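Text of the file data-v7.pdb, holding PDB, C-alpha atoms and all ligand atoms:
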```pdb
ATOM      1  CA  MET A  14      25.844 -16.488   6.292  1.00  0.00           C
ATOM      2  CA  LEU A  15      23.146 -13.825   6.064  1.00  0.00           C
ATOM      3  CA  THR A  16      19.495 -14.822   5.687  1.00  0.00           C
ATOM      4  CA  MET A  17      16.223 -12.874   5.377  1.00  0.00           C
ATOM      5  CA  ASP A  18      16.145 -12.640   9.198  1.00  0.00           C
ATOM      6  CA  ASP A  19      19.190 -10.338   9.009  1.00  0.00           C
ATOM      7  CA  ILE A  20      17.475  -7.940   6.586  1.00  0.00           C
ATOM      8  CA  ILE A  21      15.589  -5.107   8.280  1.00  0.00           C
ATOM      9  CA  ARG A  22      12.246  -4.031   6.841  1.00  0.00           C
ATOM     10  CA  ASP A  23      10.588  -0.774   5.845  1.00  0.00           C
ATOM     11  CA  GLY A  24       9.818   1.324   8.905  1.00  0.00           C
ATOM     12  CA  HIS A  25      13.121   0.512  10.634  1.00  0.00           C
ATOM     13  CA  PRO A  26      14.828   3.864  11.362  1.00  0.00           C
ATOM     14  CA  THR A  27      18.230   2.729  10.015  1.00  0.00           C
ATOM     15  CA  LEU A  28      16.798   2.663   6.475  1.00  0.00           C
ATOM     16  CA  ARG A  29      16.233   6.450   6.717  1.00  0.00           C
ATOM     17  CA  LYS A  30      19.662   7.387   8.047  1.00  0.00           C
ATOM     18  CA  THR A  31      22.646   8.683   6.108  1.00  0.00           C
ATOM     19  CA  ALA A  32      25.285   5.971   6.431  1.00  0.00           C
ATOM     20  CA  VAL A  33      28.802   6.961   7.518  1.00  0.00           C
ATOM     21  CA  GLU A  34      31.904   6.672   5.331  1.00  0.00           C
ATOM     22  CA  VAL A  35      34.134   3.693   5.967  1.00  0.00           C
ATOM     23  CA  SER A  36      37.756   4.538   6.781  1.00  0.00           C
ATOM     24  CA  LEU A  37      40.391   2.837   4.663  1.00  0.00           C
ATOM     25  CA  PRO A  38      42.105   0.476   4.967  1.00  0.00           C
ATOM     26  CA  ALA A  39      38.932  -1.346   5.986  1.00  0.00           C
ATOM     27  CA  SER A  40      38.921  -3.092   9.354  1.00  0.00           C
ATOM     28  CA  ASP A  41      38.591  -6.858   9.455  1.00  0.00           C
ATOM     29  CA  GLU A  42      35.023  -6.365  10.732  1.00  0.00           C
ATOM     30  CA  ASP A  43      34.093  -4.079   7.809  1.00  0.00           C
ATOM     31  CA  LYS A  44      35.687  -6.511   5.329  1.00  0.00           C
ATOM     32  CA  LYS A  45      33.635  -9.313   6.829  1.00  0.00           C
ATOM     33  CA  ILE A  46      30.391  -7.324   6.501  1.00  0.00           C
ATOM     34  CA  LEU A  47      31.186  -6.435   2.869  1.00  0.00           C
ATOM     35  CA  ASN A  48      31.974 -10.053   2.015  1.00  0.00           C
ATOM     36  CA  GLU A  49      28.715 -11.152   3.665  1.00  0.00           C
ATOM     37  CA  LEU A  50      26.692  -8.664   1.586  1.00  0.00           C
ATOM     38  CA  LEU A  51      28.118 -10.095  -1.637  1.00  0.00           C
ATOM     39  CA  GLU A  52      27.748 -13.651  -0.373  1.00  0.00           C
ATOM     40  CA  TYR A  53      24.034 -13.003   0.314  1.00  0.00           C
ATOM     41  CA  VAL A  54      23.274 -11.876  -3.239  1.00  0.00           C
ATOM     42  CA  GLN A  55      25.299 -14.728  -4.714  1.00  0.00           C
ATOM     43  CA  ASN A  56      23.690 -17.351  -2.437  1.00  0.00           C
ATOM     44  CA  SER A  57      20.228 -15.930  -3.089  1.00  0.00           C
ATOM     45  CA  GLN A  58      20.684 -16.496  -6.842  1.00  0.00           C
ATOM     46  CA  ASN A  59      21.708 -20.117  -6.296  1.00  0.00           C
ATOM     47  CA  PRO A  60      18.435 -22.119  -6.494  1.00  0.00           C
ATOM     48  CA  ASP A  61      19.557 -24.808  -4.006  1.00  0.00           C
ATOM     49  CA  ILE A  62      20.942 -22.410  -1.386  1.00  0.00           C
ATOM     50  CA  SER A  63      18.055 -19.944  -1.726  1.00  0.00           C
ATOM     51  CA  ALA A  64      15.437 -22.721  -1.379  1.00  0.00           C
ATOM     52  CA  LYS A  65      17.187 -24.303   1.595  1.00  0.00           C
ATOM     53  CA  HIS A  66      17.449 -21.004   3.533  1.00  0.00           C
ATOM     54  CA  GLY A  67      14.375 -19.216   2.172  1.00  0.00           C
ATOM     55  CA  LEU A  68      16.354 -16.390   0.587  1.00  0.00           C
ATOM     56  CA  ARG A  69      14.596 -13.865  -1.658  1.00  0.00           C
ATOM     57  CA  PRO A  70      16.704 -13.748  -4.846  1.00  0.00           C
ATOM     58  CA  GLY A  71      18.412 -10.364  -4.896  1.00  0.00           C
ATOM     59  CA  VAL A  72      20.661  -8.464  -7.283  1.00  0.00           C
ATOM     60  CA  GLY A  73      22.051  -6.012  -4.723  1.00  0.00           C
ATOM     61  CA  LEU A  74      22.258  -5.328  -0.996  1.00  0.00           C
ATOM     62  CA  ALA A  75      23.449  -2.332   1.019  1.00  0.00           C
ATOM     63  CA  ALA A  76      24.901  -2.470   4.547  1.00  0.00           C
ATOM     64  CA  PRO A  77      22.078  -0.379   6.098  1.00  0.00           C
ATOM     65  CA  GLN A  78      19.690  -3.180   5.078  1.00  0.00           C
ATOM     66  CA  ILE A  79      21.414  -5.454   7.605  1.00  0.00           C
ATOM     67  CA  ASN A  80      21.270  -2.628  10.164  1.00  0.00           C
ATOM     68  CA  VAL A  81      24.880  -1.531   9.612  1.00  0.00           C
ATOM     69  CA  SER A  82      24.826   2.195   8.848  1.00  0.00           C
ATOM     70  CA  LYS A  83      28.066   2.253   6.830  1.00  0.00           C
ATOM     71  CA  ARG A  84      28.720   3.086   3.177  1.00  0.00           C
ATOM     72  CA  MET A  85      29.135  -0.399   1.690  1.00  0.00           C
ATOM     73  CA  ILE A  86      27.171  -2.175  -1.047  1.00  0.00           C
ATOM     74  CA  ALA A  87      27.234  -5.409  -3.025  1.00  0.00           C
ATOM     75  CA  VAL A  88      25.851  -5.948  -6.529  1.00  0.00           C
ATOM     76  CA  HIS A  89      25.636  -9.211  -8.468  1.00  0.00           C
ATOM     77  CA  VAL A  90      23.719  -8.764 -11.700  1.00  0.00           C
ATOM     78  CA  THR A  91      24.023  -9.479 -15.417  1.00  0.00           C
ATOM     79  CA  ASP A  92      23.300  -7.053 -18.236  1.00  0.00           C
ATOM     80  CA  GLU A  93      21.361  -7.714 -21.458  1.00  0.00           C
ATOM     81  CA  ASN A  94      24.473  -9.389 -22.935  1.00  0.00           C
ATOM     82  CA  ASP A  95      24.827 -11.696 -19.913  1.00  0.00           C
ATOM     83  CA  LYS A  96      27.904  -9.791 -18.776  1.00  0.00           C
ATOM     84  CA  LEU A  97      28.237 -10.180 -15.000  1.00  0.00           C
ATOM     85  CA  TYR A  98      28.689  -7.174 -12.737  1.00  0.00           C
ATOM     86  CA  SER A  99      29.755  -8.585  -9.379  1.00  0.00           C
ATOM     87  CA  TYR A 100      31.128  -5.947  -7.023  1.00  0.00           C
ATOM     88  CA  ALA A 101      31.475  -5.295  -3.318  1.00  0.00           C
ATOM     89  CA  LEU A 102      32.268  -1.600  -2.881  1.00  0.00           C
ATOM     90  CA  ILE A 103      33.231   0.707  -0.024  1.00  0.00           C
ATOM     91  CA  ASN A 104      32.238   4.399  -0.153  1.00  0.00           C
ATOM     92  CA  PRO A 105      30.647   4.139  -3.641  1.00  0.00           C
ATOM     93  CA  LYS A 106      29.838   7.482  -5.243  1.00  0.00           C
ATOM     94  CA  ILE A 107      28.210   8.552  -8.514  1.00  0.00           C
ATOM     95  CA  ILE A 108      30.825  10.892  -9.959  1.00  0.00           C
ATOM     96  CA  SER A 109      28.936  11.626 -13.194  1.00  0.00           C
ATOM     97  CA  HIS A 110      25.647  10.740 -14.823  1.00  0.00           C
ATOM     98  CA  SER A 111      23.695  11.202 -18.036  1.00  0.00           C
ATOM     99  CA  VAL A 112      20.844  13.667 -18.388  1.00  0.00           C
ATOM    100  CA  GLU A 113      18.885  10.880 -20.066  1.00  0.00           C
ATOM    101  CA  LYS A 114      16.949   8.664 -17.644  1.00  0.00           C
ATOM    102  CA  SER A 115      15.910   5.036 -17.595  1.00  0.00           C
ATOM    103  CA  PHE A 116      13.373   2.981 -15.690  1.00  0.00           C
ATOM    104  CA  LEU A 117      12.409  -0.643 -15.240  1.00  0.00           C
ATOM    105  CA  ALA A 118       9.208  -1.513 -17.124  1.00  0.00           C
ATOM    106  CA  SER A 119       8.027  -3.607 -14.169  1.00  0.00           C
ATOM    107  CA  GLY A 120       8.951  -1.022 -11.539  1.00  0.00           C
ATOM    108  CA  GLU A 121      11.190  -1.761  -8.573  1.00  0.00           C
ATOM    109  CA  GLY A 122      10.966  -3.706  -5.356  1.00  0.00           C
ATOM    110  CA  CYS A 123      13.348  -4.011  -2.433  1.00  0.00           C
ATOM    111  CA  LEU A 124      14.555  -6.796  -0.184  1.00  0.00           C
ATOM    112  CA  SER A 125      13.624  -4.509   2.738  1.00  0.00           C
ATOM    113  CA  VAL A 126      10.108  -3.804   1.431  1.00  0.00           C
ATOM    114  CA  ASP A 127       7.522  -6.578   1.634  1.00  0.00           C
ATOM    115  CA  ASP A 128       4.641  -4.605   0.083  1.00  0.00           C
ATOM    116  CA  PRO A 129       4.445  -3.815  -3.636  1.00  0.00           C
ATOM    117  CA  TYR A 130       4.719  -0.165  -4.694  1.00  0.00           C
ATOM    118  CA  PRO A 131       3.610  -0.073  -8.338  1.00  0.00           C
ATOM    119  CA  GLY A 132       4.990   2.761 -10.423  1.00  0.00           C
ATOM    120  CA  TYR A 133       7.965   3.828 -12.489  1.00  0.00           C
ATOM    121  CA  VAL A 134      11.199   4.772 -10.748  1.00  0.00           C
ATOM    122  CA  PRO A 135      13.217   7.233 -12.862  1.00  0.00           C
ATOM    123  CA  ARG A 136      16.977   6.671 -12.686  1.00  0.00           C
ATOM    124  CA  HIS A 137      19.972   8.069 -14.571  1.00  0.00           C
ATOM    125  CA  ALA A 138      20.422   6.009 -17.769  1.00  0.00           C
ATOM    126  CA  ARG A 139      24.208   6.012 -17.411  1.00  0.00           C
ATOM    127  CA  VAL A 140      26.362   6.549 -14.339  1.00  0.00           C
ATOM    128  CA  THR A 141      30.039   6.476 -13.487  1.00  0.00           C
ATOM    129  CA  VAL A 142      30.557   5.027 -10.021  1.00  0.00           C
ATOM    130  CA  LYS A 143      33.783   5.313  -8.060  1.00  0.00           C
ATOM    131  CA  GLY A 144      34.495   3.284  -4.948  1.00  0.00           C
ATOM    132  CA  TYR A 145      37.008   1.000  -3.270  1.00  0.00           C
ATOM    133  CA  ASN A 146      37.114  -2.777  -3.172  1.00  0.00           C
ATOM    134  CA  VAL A 147      37.786  -4.791  -0.037  1.00  0.00           C
ATOM    135  CA  GLU A 148      41.552  -4.548  -0.654  1.00  0.00           C
ATOM    136  CA  GLY A 149      41.320  -0.737  -0.796  1.00  0.00           C
ATOM    137  CA  THR A 150      41.973  -0.447  -4.531  1.00  0.00           C
ATOM    138  CA  GLU A 151      40.024   2.283  -6.333  1.00  0.00           C
ATOM    139  CA  VAL A 152      37.353   0.947  -8.690  1.00  0.00           C
ATOM    140  CA  LYS A 153      35.715   3.077 -11.403  1.00  0.00           C
ATOM    141  CA  LEU A 154      32.722   1.671 -13.299  1.00  0.00           C
ATOM    142  CA  ARG A 155      30.825   3.009 -16.310  1.00  0.00           C
ATOM    143  CA  LEU A 156      27.345   1.541 -16.150  1.00  0.00           C
ATOM    144  CA  LYS A 157      24.119   1.502 -18.130  1.00  0.00           C
ATOM    145  CA  GLY A 158      20.993  -0.631 -18.284  1.00  0.00           C
ATOM    146  CA  LEU A 159      20.041  -2.802 -15.316  1.00  0.00           C
ATOM    147  CA  PRO A 160      23.465  -2.634 -13.604  1.00  0.00           C
ATOM    148  CA  ALA A 161      23.222   1.192 -13.560  1.00  0.00           C
ATOM    149  CA  ILE A 162      19.779   0.961 -11.969  1.00  0.00           C
ATOM    150  CA  VAL A 163      20.918  -1.521  -9.316  1.00  0.00           C
ATOM    151  CA  PHE A 164      23.910   0.634  -8.291  1.00  0.00           C
ATOM    152  CA  GLN A 165      21.674   3.710  -8.005  1.00  0.00           C
ATOM    153  CA  HIS A 166      19.141   1.778  -5.896  1.00  0.00           C
ATOM    154  CA  GLU A 167      21.899   0.547  -3.554  1.00  0.00           C
ATOM    155  CA  ILE A 168      23.634   3.945  -3.255  1.00  0.00           C
ATOM    156  CA  ASP A 169      20.219   5.453  -2.407  1.00  0.00           C
ATOM    157  CA  HIS A 170      20.121   3.133   0.632  1.00  0.00           C
ATOM    158  CA  LEU A 171      23.340   4.781   1.883  1.00  0.00           C
ATOM    159  CA  ASN A 172      21.487   8.101   1.816  1.00  0.00           C
ATOM    160  CA  GLY A 173      18.268   6.920   3.473  1.00  0.00           C
ATOM    161  CA  ILE A 174      16.327   6.964   0.207  1.00  0.00           C
ATOM    162  CA  MET A 175      13.801   4.247  -0.719  1.00  0.00           C
ATOM    163  CA  PHE A 176      12.836   3.423  -4.321  1.00  0.00           C
ATOM    164  CA  TYR A 177       9.218   4.483  -3.822  1.00  0.00           C
ATOM    165  CA  ASP A 178      10.373   8.007  -2.864  1.00  0.00           C
ATOM    166  CA  HIS A 179      11.052   8.465  -6.598  1.00  0.00           C
ATOM    167  CA  ILE A 180       7.578   7.334  -7.774  1.00  0.00           C
ATOM    168  CA  ASP A 181       5.263  10.115  -8.942  1.00  0.00           C
ATOM    169  CA  LYS A 182       2.501   9.792  -6.329  1.00  0.00           C
ATOM    170  CA  SER A 183      -0.160  11.520  -8.425  1.00  0.00           C
ATOM    171  CA  ASN A 184       0.556   9.453 -11.564  1.00  0.00           C
ATOM    172  CA  PRO A 185       2.702   6.412 -10.732  1.00  0.00           C
ATOM    173  CA  MET A 186       2.376   4.784 -14.177  1.00  0.00           C
ATOM    174  CA  LYS A 187       3.183   7.935 -16.192  1.00  0.00           C
ATOM    175  CA  GLU A 188       6.331   7.108 -18.158  1.00  0.00           C
ATOM    176  CA  PRO A 189       9.226   9.416 -17.217  1.00  0.00           C
ATOM    177  CA  GLU A 190      10.250  11.939 -19.926  1.00  0.00           C
ATOM    178  CA  ASN A 191      13.515  11.475 -21.858  1.00  0.00           C
ATOM    179  CA  ALA A 192      13.877   7.983 -20.441  1.00  0.00           C
ATOM    180  CA  ILE A 193      14.821   4.543 -21.744  1.00  0.00           C
ATOM    181  CA  LYS A 194      12.380   1.805 -20.763  1.00  0.00           C
ATOM    182  CA  ILE A 195      14.231  -1.326 -19.627  1.00  0.00           C
ATOM    183  CA  GLY A 196      12.130  -4.450 -20.036  1.00  0.00           C
ATOM    184  CA  ARG A 197      12.329  -7.563 -17.957  1.00  0.00           C
TER     185      ARG A 197
HETATM  186  C1  LIG A 201      16.349  -6.876  -5.754  1.00  0.00           C
HETATM  187  N1  LIG A 201      15.439  -8.116  -7.559  1.00  0.00           N
HETATM  188  O1  LIG A 201      17.154  -7.728  -5.501  1.00  0.00           O
HETATM  189  F1  LIG A 201      15.487  -6.842 -13.964  1.00  0.00           F
HETATM  190  F2  LIG A 201      16.752 -11.270 -13.528  1.00  0.00           F
HETATM  191  C2  LIG A 201      15.069  -7.217  -6.496  1.00  0.00           C
HETATM  192  C3  LIG A 201      13.983  -7.835  -5.592  1.00  0.00           C
HETATM  193  C4  LIG A 201      13.650  -6.884  -4.475  1.00  0.00           C
HETATM  194  C5  LIG A 201      12.757  -8.090  -6.440  1.00  0.00           C
HETATM  195  C6  LIG A 201      14.459  -9.150  -4.995  1.00  0.00           C
HETATM  196  C7  LIG A 201      15.367  -7.807  -8.863  1.00  0.00           C
HETATM  197  O2  LIG A 201      14.980  -6.731  -9.269  1.00  0.00           O
HETATM  198  N2  LIG A 201      15.794  -8.838  -9.669  1.00  0.00           N
HETATM  199  C8  LIG A 201      15.892  -8.865 -11.030  1.00  0.00           C
HETATM  200  C9  LIG A 201      15.646  -7.773 -11.820  1.00  0.00           C
HETATM  201  C10 LIG A 201      15.738  -7.882 -13.195  1.00  0.00           C
HETATM  202  C11 LIG A 201      16.120  -9.060 -13.779  1.00  0.00           C
HETATM  203  C12 LIG A 201      16.378 -10.138 -12.965  1.00  0.00           C
HETATM  204  C13 LIG A 201      16.266 -10.052 -11.598  1.00  0.00           C
HETATM  205  N3  LIG A 201      16.570  -5.595  -5.364  1.00  0.00           N
HETATM  206  C14 LIG A 201      17.753  -5.359  -4.547  1.00  0.00           C
HETATM  207  C15 LIG A 201      17.496  -4.541  -3.323  1.00  0.00           C
HETATM  208  O3  LIG A 201      16.443  -4.476  -2.732  1.00  0.00           O
HETATM  209  N4  LIG A 201      18.537  -3.895  -2.886  1.00  0.00           N
HETATM  210  O4  LIG A 201      18.499  -3.045  -1.881  1.00  0.00           O
HETATM  211  C16 LIG A 201      15.784  -4.468  -5.793  1.00  0.00           C
HETATM  212  C17 LIG A 201      16.183  -4.050  -7.235  1.00  0.00           C
HETATM  213  C18 LIG A 201      15.151  -3.076  -7.820  1.00  0.00           C
HETATM  214  C19 LIG A 201      15.886  -2.308  -8.870  1.00  0.00           C
HETATM  215  C20 LIG A 201      17.334  -2.451  -8.586  1.00  0.00           C
HETATM  216  C21 LIG A 201      17.466  -3.310  -7.364  1.00  0.00           C
HETATM  217 ZN    ZN A 202      16.636  -2.002  -1.737  1.00  0.00          ZN
END
```
Here is the file; what I need is its structure written in the form of structure tokens.
Ligand code: UDB
Ligand code: ZN
Amino acid sequence: MLTMDDIIRDGHPTLRKTAVEVSLPASDEDKKILNELLEYVQNSQNPDISAKHGLRPGVGLAAPQINVSKRMIAVHVTDENDKLYSYALINPKIISHSVEKSFLASGEGCLSVDDPYPGYVPRHARVTVKGYNVEGTEVKLRLKGLPAIVFQHEIDHLNGIMFYDHIDKSNPMKEPENAIKIGR
């Protein structure tokens, strides 16, 4: 299983690379990596497992964060109605998005970033994400709220983008225009 020791931290060059597409059908090695990403986020949200192994509870993880520069992500998060979004996706892509934005009221952090970066991170309020599951079946998701934010954060990792790149450096706490504030 993956632990915090497998997660690379800010400053590691892999976090700034564009990850390569995964060829389908996925190899056994790529399937294993994808399953491990999802297993990490699930384990990290289990109080007993996370305490035992010192896992930081996460809602998403991208392959580059374990120093694998390939386009794979895992997300395990609930929305405001407690609906679970648990996905492990290959070659995820935002195929459409709203003009309206959203942002987390408490800002963002990252499992690969140990220091806090206060400030609002504008995201698309709604996104449609297309990708492939571990079996190679196409998956299309219409997302809003926190799940939409998590998918955008993880897909950014595939493009070498960190959450704090989106923070307005001159006015980090200025609320983004035309944006829904998502409380937590
Ligand atoms: C996270 N968790 O997992 F709104 F119940 C963050 C960390 C970095 C703080 C662990 C998180 O935001 N949890 C959360 C948020 C809520 C409600 C709730 C739990 N990530 C994943 C990551 O680093 N992936 O690369 C950062 C998130 C910031 C916004 C989306 C992803
Ligand atoms: Zn992150």
- Query: Hey, what comes out of the PyMOL selection byres (((chain A and resi 127) around 12) and not hetatm) on this file? Could you write it as a PyMOL selection string?
  - Reply: chain A and resi 17+20-24+69+121-126+128-130
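Residues with any atom within 12 Å of segment 111-113 of chain A, counting all atoms listed in the file and excluding same-chain neighbours fewer than 2 positions away, are Ile107, Ile108, Ser109, Ser115, Phe116, Pro135, Arg136, His137, Ala138, Arg139, Val140, Thr141, Arg155, Leu156, Lys157, Gly158, Ala161, Pro189, Glu190, Asn191, Ala192, Ile193 and Lys194 of chain A.
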- Query: Using all atoms listed in the file, what are the residues with an atom within 10 Å of ligand LIG 201 (chain A), set out as a ChimeraX atom specification?
  - Reply: /A:20,54,57-58,68-78,86-93,116-127,129,134,136,158-171,175-176,195-197
- Closest to ligand ZN 202 (chain A) among A:Lys44, A:Asn80, A:Leu28, A:Lys65, using only C-alpha atoms and all ligand atoms? A:Leu28
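Between ligand ZN 202 (chain A) and the residues A:Ser36, A:Asn184, A:Asn48, A:Asn172, the shortest atom-to-atom distance, using only C-alpha atoms and all ligand atoms, involves A:Asn172.
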Report as an mmCIF file with C-alpha atoms, in the coordinates of the input the full result of the PyMOL selection byres (((chain A and resi 105) around 8) and not hetatm) when it is applied to this structure.
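And here is the file that came out, part.cif:
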```
data_model
loop_
_atom_site.group_PDB
_atom_site.id
_atom_site.type_symbol
_atom_site.label_atom_id
_atom_site.label_comp_id
_atom_site.auth_asym_id
_atom_site.auth_seq_id
_atom_site.Cartn_x
_atom_site.Cartn_y
_atom_site.Cartn_z
ATOM 1 C CA ARG A 84 28.720 3.086 3.177
ATOM 2 C CA MET A 85 29.135 -0.399 1.690
ATOM 3 C CA ILE A 86 27.171 -2.175 -1.047
ATOM 4 C CA LEU A 102 32.268 -1.600 -2.881
ATOM 5 C CA ILE A 103 33.231 0.707 -0.024
ATOM 6 C CA ASN A 104 32.238 4.399 -0.153
ATOM 7 C CA LYS A 106 29.838 7.482 -5.243
ATOM 8 C CA ILE A 107 28.210 8.552 -8.514
ATOM 9 C CA VAL A 142 30.557 5.027 -10.021
ATOM 10 C CA LYS A 143 33.783 5.313 -8.060
ATOM 11 C CA GLY A 144 34.495 3.284 -4.948
ATOM 12 C CA TYR A 145 37.008 1.000 -3.270
ATOM 13 C CA ILE A 168 23.634 3.945 -3.255
#
```
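The smallest atom-to-atom distance between ligand ZN 202 (chain A) and any of A:Val35, A:Ile174, A:Ile180, A:Val147, using all atoms listed in the file, is found for A:Ile174.
From atom CA of Lys114 of chain A back to atom CA of Tyr133 of chain A, the distance works out to 11.4 Å.
With only C-alpha atoms and all ligand atoms as the basis for measurement, A:Ile79 is the residue among A:Ala32, A:Ile79, A:Ile46, A:Leu51 that approaches ligand ZN 202 (chain A) most closely.
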Hey, can I get the axis-aligned box for segment 51-68 of chain A? All listed atoms, 8 Å padding on each side, centre and edge lengths in Å to one decimal, as AutoDock Vina command-line options.
```
--center_x 21.2 --center_y -17.5 --center_z -1.7 --size_x 29.7 --size_y 30.7 --size_z 26.4
```
- Task: Would you kindly return, as a PyMOL selection string, each protein, DNA or RNA residue with an atom no farther than 12 Å from any atom of His66 of chain A, considering all atoms listed in the file and excluding same-chain residues fewer than 4 positions away?
- Result: chain A and resi 14-18+53+56-62+70
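Closest approach to ligand ZN 202 (chain A) among A:Glu42, A:His110, A:Val152, A:Asp178 is made by A:Asp178 (distances from only C-alpha atoms and all ligand atoms).
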Write out all heavy atoms for segment 137-144 of chain A, as a PDB file, in the frame of the given file.
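Listing of rebuild_33.pdb after writing:
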```
ATOM      1  N   HIS A 137      19.071   7.624 -13.516  1.00  0.00           N
ATOM      2  CA  HIS A 137      19.972   8.069 -14.571  1.00  0.00           C
ATOM      3  C   HIS A 137      20.242   6.879 -15.496  1.00  0.00           C
ATOM      4  O   HIS A 137      20.503   5.770 -15.022  1.00  0.00           O
ATOM      5  CB  HIS A 137      21.292   8.574 -13.999  1.00  0.00           C
ATOM      6  CG  HIS A 137      21.127   9.666 -12.989  1.00  0.00           C
ATOM      7  ND1 HIS A 137      20.528  10.876 -13.293  1.00  0.00           N
ATOM      8  CD2 HIS A 137      21.459   9.724 -11.678  1.00  0.00           C
ATOM      9  CE1 HIS A 137      20.511  11.621 -12.208  1.00  0.00           C
ATOM     10  NE2 HIS A 137      21.070  10.958 -11.213  1.00  0.00           N
ATOM     11  N   ALA A 138      20.197   7.113 -16.811  1.00  0.00           N
ATOM     12  CA  ALA A 138      20.422   6.009 -17.769  1.00  0.00           C
ATOM     13  C   ALA A 138      21.848   5.490 -17.681  1.00  0.00           C
ATOM     14  O   ALA A 138      22.083   4.285 -17.799  1.00  0.00           O
ATOM     15  CB  ALA A 138      20.101   6.463 -19.189  1.00  0.00           C
ATOM     16  N   ARG A 139      22.794   6.400 -17.494  1.00  0.00           N
ATOM     17  CA  ARG A 139      24.208   6.012 -17.411  1.00  0.00           C
ATOM     18  C   ARG A 139      24.846   6.720 -16.214  1.00  0.00           C
ATOM     19  O   ARG A 139      24.584   7.916 -16.000  1.00  0.00           O
ATOM     20  CB  ARG A 139      24.946   6.407 -18.713  1.00  0.00           C
ATOM     21  CG  ARG A 139      24.456   5.637 -19.949  1.00  0.00           C
ATOM     22  CD  ARG A 139      25.023   6.185 -21.251  1.00  0.00           C
ATOM     23  NE  ARG A 139      24.545   7.533 -21.556  1.00  0.00           N
ATOM     24  CZ  ARG A 139      23.341   7.851 -22.019  1.00  0.00           C
ATOM     25  NH1 ARG A 139      22.457   6.900 -22.295  1.00  0.00           N
ATOM     26  NH2 ARG A 139      22.996   9.092 -22.217  1.00  0.00           N
ATOM     27  N   VAL A 140      25.649   5.975 -15.486  1.00  0.00           N
ATOM     28  CA  VAL A 140      26.362   6.549 -14.339  1.00  0.00           C
ATOM     29  C   VAL A 140      27.809   6.067 -14.342  1.00  0.00           C
ATOM     30  O   VAL A 140      28.111   4.973 -14.817  1.00  0.00           O
ATOM     31  CB  VAL A 140      25.708   6.169 -12.975  1.00  0.00           C
ATOM     32  CG1 VAL A 140      24.355   6.836 -12.802  1.00  0.00           C
ATOM     33  CG2 VAL A 140      25.592   4.667 -12.803  1.00  0.00           C
ATOM     34  N   THR A 141      28.674   6.916 -13.807  1.00  0.00           N
ATOM     35  CA  THR A 141      30.039   6.476 -13.487  1.00  0.00           C
ATOM     36  C   THR A 141      30.131   6.423 -11.974  1.00  0.00           C
ATOM     37  O   THR A 141      29.834   7.415 -11.293  1.00  0.00           O
ATOM     38  CB  THR A 141      31.082   7.448 -14.069  1.00  0.00           C
ATOM     39  OG1 THR A 141      30.881   7.539 -15.480  1.00  0.00           O
ATOM     40  CG2 THR A 141      32.498   6.948 -13.801  1.00  0.00           C
ATOM     41  N   VAL A 142      30.473   5.254 -11.465  1.00  0.00           N
ATOM     42  CA  VAL A 142      30.557   5.027 -10.021  1.00  0.00           C
ATOM     43  C   VAL A 142      32.013   4.803  -9.643  1.00  0.00           C
ATOM     44  O   VAL A 142      32.718   4.034 -10.295  1.00  0.00           O
ATOM     45  CB  VAL A 142      29.705   3.806  -9.596  1.00  0.00           C
ATOM     46  CG1 VAL A 142      29.933   3.456  -8.127  1.00  0.00           C
ATOM     47  CG2 VAL A 142      28.230   4.059  -9.857  1.00  0.00           C
ATOM     48  N   LYS A 143      32.443   5.512  -8.601  1.00  0.00           N
ATOM     49  CA  LYS A 143      33.783   5.313  -8.060  1.00  0.00           C
ATOM     50  C   LYS A 143      33.659   4.761  -6.645  1.00  0.00           C
ATOM     51  O   LYS A 143      32.783   5.180  -5.890  1.00  0.00           O
ATOM     52  CB  LYS A 143      34.527   6.653  -8.039  1.00  0.00           C
ATOM     53  CG  LYS A 143      36.038   6.523  -7.916  1.00  0.00           C
ATOM     54  CD  LYS A 143      36.709   7.889  -7.848  1.00  0.00           C
ATOM     55  CE  LYS A 143      37.091   8.201  -6.416  1.00  0.00           C
ATOM     56  NZ  LYS A 143      37.981   9.380  -6.319  1.00  0.00           N
ATOM     57  N   GLY A 144      34.500   3.830  -6.303  1.00  0.00           N
ATOM     58  CA  GLY A 144      34.495   3.284  -4.948  1.00  0.00           C
ATOM     59  C   GLY A 144      35.779   2.523  -4.715  1.00  0.00           C
ATOM     60  O   GLY A 144      36.727   2.632  -5.510  1.00  0.00           O
TER      61      GLY A 144
END
```
